[in-house]
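Student: Got a file for you: input_7.csv, CSV, C-alpha atoms.
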```
chain,number,residue,atom,x,y,z
H,1,MET,CA,113.2,57.8,66.6
H,2,ARG,CA,111.3,55.4,64.3
H,3,ALA,CA,109.0,58.1,62.8
H,4,ARG,CA,111.6,59.2,60.2
H,5,PRO,CA,112.2,55.6,58.8
H,6,LEU,CA,108.5,55.0,58.6
H,7,ALA,CA,107.9,58.3,56.7
H,8,THR,CA,110.7,57.5,54.3
H,9,ALA,CA,109.3,54.1,53.7
H,10,ALA,CA,105.9,55.6,52.9
H,11,VAL,CA,107.4,58.0,50.4
H,12,LEU,CA,109.3,55.2,48.7
H,13,ALA,CA,106.2,53.1,48.5
H,14,LEU,CA,104.1,55.9,47.0
H,15,THR,CA,106.9,56.7,44.5
H,16,THR,CA,107.1,53.0,43.4
H,17,ALA,CA,103.3,52.9,42.9
H,18,LEU,CA,103.3,56.0,40.8
H,19,LEU,CA,106.1,54.7,38.6
H,20,ALA,CA,104.3,51.4,38.2
H,21,ALA,CA,101.1,53.2,37.1
H,22,ALA,CA,102.8,55.5,34.6
H,23,PRO,CA,102.6,54.4,30.9
H,24,THR,CA,105.8,52.8,29.7
H,25,PRO,CA,107.3,53.6,26.3
H,26,ALA,CA,106.1,50.2,25.1
H,27,ARG,CA,102.5,51.1,26.1
H,28,LEU,CA,102.7,54.4,24.4
H,29,SER,CA,104.0,52.8,21.3
H,30,ALA,CA,101.1,50.3,21.2
H,31,ALA,CA,98.6,53.1,21.6
H,32,ALA,CA,100.2,55.1,18.8
H,33,ALA,CA,100.3,52.0,16.6
H,34,SER,CA,96.5,51.5,17.3
H,35,ASP,CA,95.8,55.1,16.2
H,36,VAL,CA,97.8,54.5,13.0
H,37,ARG,CA,96.0,51.3,12.2
H,38,ALA,CA,92.6,53.0,12.7
H,39,ALA,CA,93.6,55.9,10.4
H,40,THR,CA,94.8,53.4,7.8
H,41,ALA,CA,91.5,51.5,8.0
H,42,ARG,CA,89.6,54.7,7.4
H,43,LEU,CA,91.8,55.5,4.4
H,44,ALA,CA,91.3,52.0,3.1
H,45,GLY,CA,87.6,52.7,2.8
H,46,ASN,CA,86.3,50.7,5.8
H,47,THR,CA,84.4,53.7,7.2
H,48,GLU,CA,80.6,53.1,7.6
H,49,VAL,CA,78.7,56.0,6.0
H,50,PRO,CA,75.3,56.6,7.7
H,51,VAL,CA,72.2,56.3,5.6
H,52,ARG,CA,69.8,59.3,6.3
H,53,GLY,CA,66.8,58.1,4.4
H,54,GLY,CA,65.6,57.2,0.9
H,55,SER,CA,63.3,54.8,-0.8
H,56,ALA,CA,63.2,51.5,-2.6
H,57,ARG,CA,60.8,50.1,-5.2
H,58,PHE,CA,60.2,46.3,-5.2
H,59,ASN,CA,58.5,44.6,-8.2
H,60,ALA,CA,57.7,40.9,-8.7
H,61,PRO,CA,58.8,39.7,-12.2
H,62,PRO,CA,56.0,38.9,-14.7
H,63,ALA,CA,56.7,35.2,-14.7
H,64,LEU,CA,56.2,34.9,-10.9
H,65,LEU,CA,53.1,37.0,-11.0
H,66,ALA,CA,51.6,34.8,-13.7
H,67,ALA,CA,52.4,31.7,-11.6
H,68,LEU,CA,50.8,33.2,-8.6
H,69,LYS,CA,47.7,34.2,-10.6
H,70,ALA,CA,47.4,30.8,-12.1
H,71,ARG,CA,47.2,29.3,-8.5
H,72,GLY,CA,44.7,31.9,-7.3
H,73,VAL,CA,47.2,34.0,-5.3
H,74,ALA,CA,46.8,37.8,-5.2
H,75,VAL,CA,49.2,40.4,-3.9
H,76,ALA,CA,48.2,43.4,-1.6
H,77,GLU,CA,50.3,46.0,0.2
H,78,ILE,CA,50.6,46.2,4.0
H,79,ASP,CA,50.9,49.7,5.5
H,80,THR,CA,53.2,50.7,8.3
H,81,GLN,CA,50.4,50.1,10.8
H,82,GLY,CA,50.1,46.5,9.7
H,83,GLN,CA,46.8,46.9,7.8
H,84,ILE,CA,46.3,45.0,4.5
H,85,SER,CA,45.0,47.1,1.6
H,86,PRO,CA,41.5,46.1,0.4
H,87,HIS,CA,42.8,46.5,-3.1
H,88,TYR,CA,45.0,44.0,-4.9
H,89,SER,CA,48.3,45.4,-6.3
H,90,SER,CA,50.1,44.8,-9.5
H,91,GLY,CA,52.9,43.0,-7.6
H,92,GLY,CA,55.0,46.0,-6.6
H,93,MET,CA,55.5,48.1,-3.5
H,94,SER,CA,57.5,51.1,-2.4
H,95,LEU,CA,59.3,51.1,1.0
H,96,GLY,CA,61.0,54.0,2.8
H,97,ILE,CA,64.5,53.5,4.2
H,98,ARG,CA,64.5,54.1,7.9
H,99,SER,CA,68.3,53.8,8.6
H,100,GLY,CA,71.4,51.9,7.8
H,101,ALA,CA,75.0,52.3,6.8
H,102,VAL,CA,77.1,51.8,3.6
H,103,THR,CA,80.7,50.7,3.5
H,104,ASN,CA,83.3,49.5,1.0
H,105,SER,CA,83.4,45.7,1.3
H,106,GLY,CA,86.1,44.3,-0.9
H,107,GLY,CA,85.4,46.8,-3.7
H,108,LYS,CA,81.7,46.1,-3.6
H,109,VAL,CA,78.8,47.7,-1.7
H,110,GLY,CA,78.6,46.6,2.0
H,111,GLY,CA,76.6,47.6,5.0
H,112,GLU,CA,72.9,47.3,5.8
H,113,LEU,CA,69.6,49.0,4.9
H,114,ARG,CA,66.6,48.8,7.2
H,115,PHE,CA,63.2,49.6,5.6
H,116,THR,CA,60.0,50.9,7.0
H,117,ARG,CA,57.6,48.4,8.7
H,118,ALA,CA,55.3,48.1,5.7
H,119,GLY,CA,55.3,45.0,3.4
H,120,ILE,CA,53.2,42.8,1.2
H,121,ALA,CA,50.5,40.2,1.8
H,122,LEU,CA,50.1,37.2,-0.5
H,123,ILE,CA,46.5,36.0,-0.4
H,124,ASN,CA,45.2,32.7,-1.6
H,125,ILE,CA,41.8,33.7,-2.8
H,126,LYS,CA,40.4,30.2,-2.8
H,127,THR,CA,41.5,29.1,0.7
H,128,LYS,CA,41.7,32.5,2.3
H,129,LYS,CA,45.3,31.7,3.5
H,130,VAL,CA,47.5,34.8,3.9
H,131,ALA,CA,51.2,35.1,4.0
H,132,ARG,CA,52.3,38.5,5.5
H,133,VAL,CA,55.9,39.6,4.7
H,134,THR,CA,57.1,42.6,6.6
H,135,GLY,CA,60.2,44.1,8.2
H,136,PHE,CA,62.5,44.0,5.2
H,137,VAL,CA,66.3,44.3,5.9
H,138,GLY,CA,68.9,44.3,3.2
H,139,ASN,CA,72.4,43.0,4.2
H,140,LEU,CA,74.5,44.6,1.6
H,141,SER,CA,77.7,42.9,2.8
H,142,GLN,CA,76.2,39.4,2.3
H,143,GLY,CA,73.9,40.1,-0.6
H,144,THR,CA,70.8,39.0,1.2
H,145,LEU,CA,67.2,40.3,1.8
H,146,SER,CA,65.5,39.1,5.0
H,147,ALA,CA,62.0,39.7,6.3
H,148,VAL,CA,59.5,38.5,8.9
H,149,LEU,CA,57.0,36.0,7.7
H,150,ASP,CA,53.6,36.1,9.5
H,151,ARG,CA,55.1,37.9,12.5
H,152,GLY,CA,57.3,34.9,13.2
H,153,ALA,CA,61.1,34.5,13.1
H,154,ARG,CA,63.1,36.4,10.5
H,155,ILE,CA,64.0,34.5,7.4
H,156,THR,CA,66.3,35.1,4.5
H,157,LEU,CA,64.0,35.7,1.6
H,158,GLY,CA,66.5,36.0,-1.2
H,159,THR,CA,69.9,36.8,-2.4
H,160,PHE,CA,71.3,39.2,-4.9
H,161,THR,CA,74.6,40.0,-6.6
H,162,ARG,CA,76.4,42.8,-4.8
H,163,PRO,CA,77.3,45.6,-7.2
H,164,ARG,CA,80.7,47.4,-7.3
H,165,ILE,CA,81.0,50.3,-4.9
H,166,ASN,CA,82.3,52.7,-7.6
H,167,ALA,CA,79.3,52.1,-9.8
H,168,SER,CA,76.8,52.5,-7.0
H,169,ILE,CA,77.8,55.7,-5.2
H,170,ASP,CA,76.8,59.2,-6.6
H,171,THR,CA,79.2,61.4,-4.8
H,172,GLU,CA,77.6,64.6,-6.0
H,173,ALA,CA,74.2,63.7,-4.7
H,174,ALA,CA,75.5,61.8,-1.7
H,175,ALA,CA,73.4,58.7,-2.6
H,176,LEU,CA,73.6,55.0,-3.0
H,177,ARG,CA,71.8,53.7,-6.1
H,178,MET,CA,71.2,50.0,-6.8
H,179,ASN,CA,69.2,48.2,-9.4
H,180,THR,CA,69.2,44.5,-9.1
H,181,GLY,CA,67.3,41.2,-9.1
H,182,ILE,CA,66.6,39.0,-6.1
H,183,THR,CA,66.3,35.2,-6.2
H,184,VAL,CA,64.3,33.4,-3.6
H,185,THR,CA,66.1,31.0,-1.3
H,186,ALA,CA,65.0,27.3,-1.1
H,187,ALA,CA,64.0,27.7,2.6
H,188,ALA,CA,61.9,30.9,1.9
H,189,ALA,CA,60.2,29.2,-1.1
H,190,ALA,CA,59.2,26.3,1.1
H,191,ARG,CA,57.9,28.5,3.8
H,192,LEU,CA,55.9,30.7,1.4
H,193,ASN,CA,54.4,27.7,-0.4
H,194,ALA,CA,53.4,26.1,3.0
H,195,ALA,CA,51.8,29.3,4.2
H,196,LEU,CA,49.8,29.7,1.0
H,197,GLY,CA,49.1,26.0,0.3
H,198,THR,CA,50.6,26.4,-3.2
H,199,THR,CA,53.7,25.5,-5.3
H,200,SER,CA,54.2,29.0,-6.8
H,201,PHE,CA,57.7,29.5,-5.4
H,202,ARG,CA,60.8,27.7,-6.5
H,203,GLY,CA,64.2,28.0,-4.8
H,204,GLY,CA,66.7,29.9,-7.0
H,205,GLY,CA,63.9,31.4,-9.1
H,206,PRO,CA,63.2,35.1,-9.5
H,207,LEU,CA,61.5,36.8,-6.5
H,208,LEU,CA,61.8,40.6,-6.8
H,209,HIS,CA,63.5,43.3,-8.7
H,210,VAL,CA,64.5,46.3,-6.6
H,211,ARG,CA,65.6,49.8,-7.3
H,212,ILE,CA,67.2,51.6,-4.3
H,213,ASP,CA,67.9,55.3,-3.9
H,214,ALA,CA,69.4,55.8,-0.4
H,215,SER,CA,70.5,59.2,0.9
H,216,LEU,CA,73.9,59.2,2.6
H,217,ASP,CA,75.3,61.5,5.2
H,218,PRO,CA,76.2,64.6,3.2
H,219,SER,CA,78.8,65.7,5.7
H,220,VAL,CA,81.0,62.7,4.9
H,221,ASP,CA,83.8,62.9,2.4
H,222,LEU,CA,82.6,59.9,0.4
H,223,PRO,CA,85.6,59.3,-1.9
H,224,THR,CA,87.9,59.0,1.1
H,225,ALA,CA,85.5,57.2,3.4
H,226,LEU,CA,84.6,54.6,0.8
H,227,ASN,CA,87.9,54.5,-1.0
H,228,LEU,CA,86.4,55.4,-4.4
H,229,SER,CA,88.6,55.4,-7.4
H,230,HIS,CA,88.6,58.1,-10.0
H,231,GLY,CA,86.8,57.6,-13.3
H,232,ALA,CA,84.1,55.4,-11.8
H,233,PRO,CA,80.9,54.8,-13.8
H,234,ARG,CA,77.9,56.9,-13.0
H,235,ALA,CA,76.0,55.5,-10.0
H,236,GLY,CA,73.6,52.7,-11.1
H,237,GLN,CA,74.9,52.6,-14.6
H,238,GLU,CA,76.6,49.2,-14.3
H,239,ASP,CA,73.5,47.6,-12.8
H,240,GLN,CA,71.1,49.2,-15.2
H,241,GLU,CA,73.0,47.7,-18.1
H,242,ALA,CA,73.2,44.3,-16.4
H,243,HIS,CA,69.5,44.1,-15.5
H,244,GLY,CA,68.0,46.2,-18.2
H,245,ALA,CA,65.6,43.5,-19.1
H,246,TRP,CA,63.7,44.0,-15.9
H,247,GLY,CA,62.6,47.5,-17.0
```
Now, as a test, write the supplied structure out as structure tokens.
Tutor:
Amino acid sequence: MRARPLATAAVLALTTALLAAAPTPARLSAAAASDVRAATARLAGNTEVPVRGGSARFNAPPALLAALKARGVAVAEIDTQGQISPHYSSGGMSLGIRSGAVTNSGGKVGGELRFTRAGIALINIKTKKVARVTGFVGNLSQGTLSAVLDRGARITLGTFTRPRINASIDTEAAALRMNTGITVTAAAAARLNAALGTTSFRGGGPLLHVRIDASLDPSVDLPTALNLSHGAPRAGQEDQEAHGAWG
């Protein structure tokens, strides 16, 4: 006679468990609200657009090159295998862009660019001391350029003024184009001077000028993803005018 009450109790327990597990209207509303917030964020230009490649040209300014030469310091390129070129360079190097992403960060360029593993070697000809600078990474959101000095810890080499996103994106070519100067940080200047045994670098002084041409994912709708306004200047135009003296 007790089998029926036990079976009924089991059915009631199972039904209660199923009802407890089922999403409540409040939970469904929260999920829907989350979807709306995500869609709004994308429309606001917070989408990260993948970087598919590209290149950058780094050049040391004439004043810095003159200071290095006066102290017996030469510049040579380091290839992707870590080998220092036997020939001194004129103070410039070209690096490929391995990967990264670009986003709209408060109306300015944000994201990150990771360059190939090549770099430059600063060589004190008199003392034979060498400072190897490789593994460049550009943090576009913070306006910093970091690198690895002598295969040690990563340091922030310099800072730069972040350009406006509208002036830096070529929607037709799906490209990011930047043209800007980089100033050396006090910490990096001290590390470089110590590595070379010189006083060539000064915190806040000019370090490099860089021209960047990064290819973006062509499948992305850039005006929507980066919240670009209409009538924006041609990509790179603003920076070229601001830094035209660099040539």
Student: I'd like to know which of H:Arg164, H:Arg202, H:Arg211, H:Arg191 is closest to H:Ala63, using all atoms listed in the file.
Tutor: H:Arg202
Student: Please provide as number ranges by chain all residues within 7 Å of stretch 205-210 of chain H, with the sequence filter that same-chain residues fewer than 5 positions apart are discarded (counting all atoms listed in the file).
Tutor: H: 56-61, 179-184
Student: Between H:Leu65, H:Ala167, H:Ala153, H:Val51, which one has atoms that come closest to H:Gly100, using all atoms listed in the file?
Tutor: H:Val51
Student: Nearest to H:Pro223 among H:Val109, H:Gly119, H:Thr171, H:Ile125, with distances taken over only C-alpha atoms: which residue is it?
Tutor: H:Thr171
Student: Got a sec: who's within 8 Å of H:Phe115, counting all atoms listed in the file, leaving out chain neighbours fewer than 4 positions off, as a VMD selection string?
Tutor: chain H and resid 95 to 99 135 to 137
Student: Provide the atom CA of H:Gly53 to atom CA of H:Gln83 distance in Å, to one decimal place.
Tutor: 23.2 Å
